[in-house]
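Have a look at the structure below before the remarks.
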Amino acid sequence: MKVKKAIFPVGGLGTRFLPATKSMPKEMLPIVDKPLIQYAVEEAADAGIEQFIFVTSRGKSAIENHFDHSFELENNLLAKGKRDTLASTQEMLKIPGSYAYVRQQEPAGLGHAIWCARHLIQNEPFAVILADDLIFGQSTTKEMIKNYNSGNMVAIMEVDKQKVSSYGIVQIDNNDNDIVKINQMIEKPSIDNAPSNLAIVGRYILDNKVFDILESQERGSSQEIQLTDAISSQIGEIPCFGYKIKDERFDCGSKLGFLQANVSYALNRNDLNSDLTNWLKTII
Ligand code: UTP
């Protein structure tokens with residue numbers, strides 16, 4: 001069955017980025033000149049996704065406005081003949097009805113956020129994309145959908161052993177292929193309890209049965225309803241696969257990852273590369 005819908009959970013508080021995120025959604029933080037959430041939506045569209053479901057919360061209306069017309073701005077740019085700039089403000093508009101928004105009334109965790117979108121998913125697999133996990137090249141979701149047949153699939157990457165307690169960590173038998181079978185996963189294990197240093201990063205293709213699990217799931221690590229716990233509890237009933245990401249990933253929910261992403265993406269741009277490189281050389 002084709003994967004045509006993606007959920008973008010954007011209901012979190014973004015506390016690691018305060019005070020910037022007090023009244024502005026974390027997912028609207030820009031990498032160079034584009035907000036994180038736009039990179040995520042573009043990645044989904046490139047993967048063939050047709051319906052974009054955002055799980056929002058109070059204070060996130062900037063995201064809805066970003067994916068809509070801004071008539072005053074557009075008229076102004078048109079009147080001034082700034083056609084390229086105008087096109088850049090319109091490139092995220094999609095056919096009417098492509099974007100849907102559902103509210104998460106309390107930030108009770110990623111699993112809870114996904115569950116809030118349950119009525120918008122029918123009997124079909126769906127993608128989940130975390131905008132603050134920015135993966136260079138923007139082809140991860142496309143690759144995952146291409147390799148998906150059934151069950152659950154999560155994107156994985158190796159992390160420093162010291163950092164396993166910040167991630168969902170998977171256990172696998174055979175590390176030789178790009179797609180690996182997962183036997184077990186643990187959310188935020190201690191270094192001693194971690195079954196590996198292979199961490200789940202923010203891309204998932206999920207079987208809709210996950211909603212049945214999330215419906216009655218207890219709160220786990222950090223007192224939140226964890227998506228990892230729900231996927232983990234299905235192992236044995238439906239297959240679970242890990243897709244090893246090939247490109248560099250930036251944790252833009254952390255200050256360091258956000259800064260690294262900005263520098264990397266700027267260095268990759270023809271209009272910025274040379275001046276930025278020269279300036280970096282003078283300060284390092
Ligand atoms: P994070 O844990 O990185 O985001 O969740 P956060 O909770 O907003 O950030 P900090 O830790 O307080 O700084 C990953 C993604 O899941 C969403 C977030 O908005 C983010 O895009 N999320 C998280 C929800 O939608 N709801 C939640 O209850 C928690």
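Identifiers in this document derive from the order of the structure tokens: chains are assigned A, B, ..., residues are numbered from 1 separately in each chain, and ligands are numbered from 1 in order of occurrence.
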Within 10 Å of stretch 214-233 of chain A, which residues of stretch 110-129 of chain A show up? Give each one with its shortest atom-to-atom distance in Å (one decimal) and the two atoms involved, counting only C-alpha atoms, rows by chain then rising residue number, as CSV.
residue,atom,partner,partner_atom,distance
A:Leu110,CA,A:Gln226,CA,5.7
A:Gly111,CA,A:Leu227,CA,3.9
A:His112,CA,A:Ile225,CA,5.5
A:Ala113,CA,A:Ile225,CA,8.6
A:Ile114,CA,A:Leu227,CA,7.9
A:Trp115,CA,A:Leu214,CA,6.2
A:Cys116,CA,A:Glu215,CA,9.6
A:Arg118,CA,A:Glu215,CA,9.6
| So which residues are near ligand 1, meaning at most 7 Å away with only C-alpha atoms and all ligand atoms counted, given back as a PyMOL selection string? | chain A and resi 9-17+26-27+55-56+104+106-110+112-113+130-132+253
| Which is closer to A:Lys5 than all the others in A:Val128, A:Leu86, A:Ile135, A:Leu198, using only C-alpha atoms? |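 Ranking A:Val128, A:Leu86, A:Ile135, A:Leu198 by distance to A:Lys5, first place goes to A:Val128.
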| Which of A:Ile95, A:Asp46, A:Val32, A:Asn174 sits closest to A:Arg269 [using only C-alpha atoms] |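 The answer is A:Val32, which sits nearest to A:Arg269.
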| message | Just the number, please: distance in Å from atom CA of A:Lys161 to atom CA of A:Lys188, one decimal. | response | 12.0 Å
| said: Report as a list in words all protein, DNA and RNA residues lying within 10 Å of A:Ser166, evaluated on only C-alpha atoms, omitting residues in the same chain fewer than 4 positions from it. | reply: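 Contacts, with the query itself left out: Val159, Gln162, Glu187, Lys188, Pro189, Ser190 and Ala199 of chain A.
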| said: Rounded to one decimal, what separation in Å do you get between atom CA of A:Ile37 and atom CA of A:Ile121? | reply: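 About the pair atom CA of A:Ile37 and atom CA of A:Ile121: they are 20.6 Å apart.
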| query | Excluding same-chain residues fewer than 4 positions from A:Thr141, what lies within 8 Å of it counting only C-alpha atoms, as a PyMOL selection string? | reply | chain A and resi 43-44+47+127+145+203
Write out, as a PDB file, in the first residue's frame, the residues just selected, with C-alpha atoms.
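Once everything was written out, this is out_12.pdb:
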ATOM      1  CA  GLU A  43      11.314  16.235   1.978  1.00  0.00           C
ATOM      2  CA  ALA A  44       7.852  14.676   2.312  1.00  0.00           C
ATOM      3  CA  ALA A  47       8.887  11.369  -1.310  1.00  0.00           C
ATOM      4  CA  ALA A 127       5.181   8.627   7.556  1.00  0.00           C
ATOM      5  CA  ILE A 145       9.191   4.653   1.419  1.00  0.00           C
ATOM      6  CA  ARG A 203      11.859   9.555  10.394  1.00  0.00           C
TER       7      ARG A 203
END
| Which residue, A:Ser274, A:Asn208, A:Gln105, A:Ser165, has the smallest gap to A:Ile186 when you use only C-alpha atoms? |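 That would be A:Ser165, the residue with the smallest distance to A:Ile186.
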| task | Using backbone DSSP assignments, extract all alpha helix (DSSP H) residues from stretch 109-269 of chain A; output them as an NGL selection string. | result | :A and (110-116 or 140-147 or 210-215 or 227-234 or 255-267)
